[in-house]
Amino acid sequence: MFQSKHQLLACLFFFHRGNSRTADTTELIKSLKMEIVSLTEELKGKAPLRCLVCLDAYKKPVVSVQCWHVYCEDCWMRTLGAKKLCPQCQMITNPGQLRTIYL
Ligand SMILES: [Zn+2]
Ligand SMILES: [Zn+2]
């Protein structure tokens, strides 16, 4: 998502640079800079929200009330299907101890 939005902004920037430098261009550059800052913040904020099992954003985050580690529901189920342990801290965990989180 960031990649395509960033490319779009780069295109806009390039296009406007071809025109004579007006107050409009300065405004555009200012807003582009602010956009980049907000995108960077967004990325930083999203970075820790990743499942350590599938290394992707949580589809349906589920927490274990045993150790409070969070994974996708599917990842927990797959892991607990093999052995009843938390993949991160090896705490004995049963499917009944999992709770869905509503973000
Ligand atoms: Zn996952
Ligand atoms: Zn754990």
# chains A, B, ... in the order shown; residues from 1 in each chain; ligands from 1
$ residues_near_ligand --ligand "ligand 2" --cutoff "10 Å" --atoms "only C-alpha atoms and all ligand atoms" --output "list in words"
Val63, Ser64, Val65, Gln66, Cys67, Trp68, His69, Val70, Tyr71, Leu85, Cys86, Pro87, Gln88, Cys89, Gln90, Met91, Ile92 and Thr93 of chain A
$ write_last_selection --atoms "C-alpha atoms" --output "short mmCIF file (atom, residue, chain, number, x, y, z; two decimals), in the first residue's frame"
data_model
loop_
_atom_site.label_atom_id
_atom_site.label_comp_id
_atom_site.auth_asym_id
_atom_site.auth_seq_id
_atom_site.Cartn_x
_atom_site.Cartn_y
_atom_site.Cartn_z
CA VAL A 63 -4.69 -13.82 22.84
CA SER A 64 -3.87 -16.61 25.27
CA VAL A 65 -5.02 -15.78 28.82
CA GLN A 66 -2.13 -17.96 30.03
CA CYS A 67 0.78 -15.81 28.80
CA TRP A 68 -0.93 -12.95 26.89
CA HIS A 69 0.88 -13.66 23.65
CA VAL A 70 -1.10 -12.79 20.51
CA TYR A 71 -1.29 -14.68 17.18
CA LEU A 85 2.31 -24.91 23.79
CA CYS A 86 2.63 -21.19 23.09
CA PRO A 87 5.09 -20.86 20.16
CA GLN A 88 6.82 -17.93 21.87
CA CYS A 89 7.20 -18.86 25.55
CA GLN A 90 6.30 -22.59 25.53
CA MET A 91 3.56 -22.02 28.14
CA ILE A 92 1.08 -24.90 28.14
CA THR A 93 -1.99 -23.53 26.35
#
$ residues_near_ligand --ligand "ligand 1" --cutoff "9 Å" --atoms "only C-alpha atoms and all ligand atoms" --output "list in words"
Arg50, Cys51, Leu52, Val53, Cys54, Leu55, Asp56, Ala57, Tyr58, Lys59, Lys60, Pro61, Val70, Tyr71, Cys72, Glu73, Asp74, Cys75 and Trp76 of chain A
$ residues_around --residues "Pro95 (chain A)" --least-positions-apart "3" --cutoff "9 Å" --atoms "only C-alpha atoms" --output "list in words"
Ser64, Trp76, Met77, Leu80, Lys84, Leu98 and Arg99 of chain A
$ atom_distance --atom1 "CA of Thr100 (chain A)" --atom2 "CA of Leu39 (chain A)"
28.3 Å
$ select_by_dssp --residues "region 18-94 of chain A" --states "strand (DSSP E)" --output "ChimeraX atom specification"
/A:61-64,70-72
$ write_last_selection --atoms "C-alpha atoms" --output "mmCIF file, in the first residue's frame"
data_model
loop_
_atom_site.group_PDB
_atom_site.id
_atom_site.type_symbol
_atom_site.label_atom_id
_atom_site.label_comp_id
_atom_site.auth_asym_id
_atom_site.auth_seq_id
_atom_site.Cartn_x
_atom_site.Cartn_y
_atom_site.Cartn_z
ATOM 1 C CA PRO A 61 -5.945 -11.610 16.562
ATOM 2 C CA VAL A 62 -6.401 -14.042 19.427
ATOM 3 C CA VAL A 63 -4.693 -13.822 22.836
ATOM 4 C CA SER A 64 -3.872 -16.611 25.273
ATOM 5 C CA VAL A 70 -1.102 -12.794 20.505
ATOM 6 C CA TYR A 71 -1.294 -14.678 17.185
ATOM 7 C CA CYS A 72 -3.881 -15.093 14.449
#
